[in-house]
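S.K.: This structure is in structure tokens; I'll ask about it shortly.
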Amino acid sequence: METDINSQDRKDLDKFIKFFALKTVQVIVQARLGEKICTRSSSSPTGSDWFNLAIKDIPEVTHEAKKALAGQLPAIGRSMCVEISLKTSEGDSMELEIWCLEMNEKCDKEIKISYTVYNRLSLLLKSLLAITRVTPAYRLSRKQGHEYVILYRIYFGEVQLNGLGEGFQTVRVGTVGTPMGTITLSCAYRINLAFMSTRTTGEDTGVTYPSVEDSQEVCTTSFSTSPPSQLSSSRLSYQPAALGVGSADLAYPVVFAAGLNTTHPHQLMVPGKEGGVPLAPNQPAHGAQADQERLATYTPSDGAHCAATPSSEDTETVSNSSEGRASPHDVLETIFARKVGAFVNKPINQVTLTSLDIPFAMFAPKNLELEDADPMVNPPDSPDTESPLQGSLHSDGSSGGSSGNTHDDFVMIDFKPAFSKDDILPMDLGTFYREFQNPPQLSSLSIDIGAQSMAEDLDSLPEKLAVHEKNVREFDAFVETLQ
Amino acid sequence: MNCRSEVLEVSVEGRQVEEAMLAVLHTVLLHRSTGKFHYKKEGTYSIGTVGTQDVDCDFIDFTYVRVSSDELDRALRKDALRNSGGDGLGQMSLEFYQKKKSRWPFSDECIPWEVWTVKVHVVALATEQERQICREKVGEKLCEKVINIVEVMNRHEYLPKMPMQSEVDNVFDTGLRDVQPYLYKISFQITDALGTSVTTTMRRLIKDTLAL
């Protein structure tokens, strides 16, 4: 479809399309990071803002987009696609959207490149900004974190819509006619959000590779969409294709929070992790001195790259142990990695308790075994992690408790709520709370009383009335004292 | 040249009126604003950069994108607030126009080239559960409206020609510091559920306001 477009215009058009493609990818990926985006207007032109719009360039995203394009431009039959998918902590994944930048044959020969096409591309980018907030994946991406993350993949070539399930819908963002063809930007998004489990089996917790047709033009790369500041501090390490035991475990899950829980020994997820290692939330889960490194992981189909850089041994222990406990996880009610409160170590059996609706169920004295395993009761030996909470539990001056620390195996300890001191009353808050939780049954509701028939009640009424009438004066006097 | 007219209708609860209107207004103005023009010699000009930001609604499960201009946001909020509150049907018109200078003694003509009409139907809800459902439903409706707006914008129909420096105020609102929307004006029409006329409603509104 070569037209008589002059060479300068042709060059300009190619440049516009190239940068439009790069900016499109940036807008889409940034819209799925899970954060609100804000850029500033500038009245004086900086010269570097393409299409007169302030759209930040995340370097990794640009790099991957350029790699996917490999020097080519979207043309007829060759579309640039950005695939947005969701991956849970269990390993299930699901494609949510495919954004396609396509070119078709319909040419507009009269249009002015440097002016009209440029402005229309700018308008199209604005429309893209608006539409990316409107598809269902946006709300999902705003809530990503512990239970699932949103991943993106850029590929160039034929559009693949098979992964979107049945009945997917399409929204057209817009079109811009050029002398070389009409640029079309559209989005196909999934409607049916029921999960198809693509879980890997228990013993192989290695990296799952996206299955993509091998084609020379296709570059399959998966990334986690962490916020830009975290992406830029990511480190990548090479992972050999043959996944052995040791280092392979570090690759699970694909998105990995390196060092998140390692600085605080209490947060070791060793016993009874319900759903695997907590995933890279967008913010540190515990506000502890968490190492803020996040990873952009990617798994190209040609190589076996995967990124997993635990910054300390602890994380290794975590993932190793999490493998071993794959089967008990099935028993548990929850299937996602549970966010662990600060300073709490959660054995498996305690999880079932916390899935009940009782508040403070963690602290409810159910059986000794649980308390034994509870680090609030038996603090681990590491001295540098004394929490104020623990301090109050084992404070020497605390009275009113049978804090028998003298037993060897089982320590029977009263529930001592934080910061409650019982100098004045003999009953402390903990005891009150326990009694409040298990009140004695009302006598009127007990079976013995209920067994009396109503007839008996009615029979006894006249006698009671007679007694009350005798004491009328007393009652009146009492009433007068109240007034 | 005929004026293009688009109509959008939404049904919202009282608290959602302002946000729903702002969402629509900002989405339209996002597409109808450019960066500030800086004219150079020989009639060429350069264009400033428009920033954008996401706005989460408090009473609707919805996020929209607006131009990063607090001045523009304030101006629109002032307008949107006028139409909030009370039951019934409210109608807001966002009109883009061009000024045409006339000779004295006639004043300048305002020729609209695009009018967006938003009909807002306000409902009253009784329970919290209904409100929760309403949050989601209105969010979905607004998503549809945004798609409709984008569809219209991308038809690439008439837009005023880029003006020369002397004429820029006839086409664009150059009063803002950071962005330059096309000249626009917003007008309202309120009728309550009983369909009484605007005058009586306005009278009642003013009386109520003074009574406070």
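Going through the structure tokens in order, the chains are called A, B, and so on, while each chain numbers its residues from 1 and the ligands are numbered from 1 in the order shown.
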Can you work out which residues from chain A touch chain B at a cut-off of 9 Å (counting only C-alpha atoms) and hand them back as a PyMOL selection string?

M.R.: chain A and resi 36-47+49-55+120+123-124+126-131+133-135+139+171-176

S.K.: Could you tell me how far CA of Ile183 (chain A) lies from CA of Val27 (chain A), in Å and to one decimal?

M.R.: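 Straight-line distance from CA of Ile183 (chain A) to CA of Val27 (chain A) works out to 17.0 Å.
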
S.K.: Please identify which residues in region 62-194 of chain A DSSP calls helix (DSSP H, G or I) from the backbone, and express them as a ChimeraX atom specification.

M.R.: /A:62-69,113-131,136-142,162-164

S.K.: Can you pull out the residues contacting Lys161 (chain B)? Cut-off 12 Å, using only C-alpha atoms, and skip same-chain residues under 4 positions away; I want them as a ChimeraX atom specification.

M.R.: /A:115-116 /B:98,113,157,167-168,170-172,182

S.K.: In Å to one decimal, how far is CA of Ile191 (chain A) from CA of Leu161 (chain A)?

M.R.: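 CA of Ile191 (chain A) lies 12.8 Å from CA of Leu161 (chain A).
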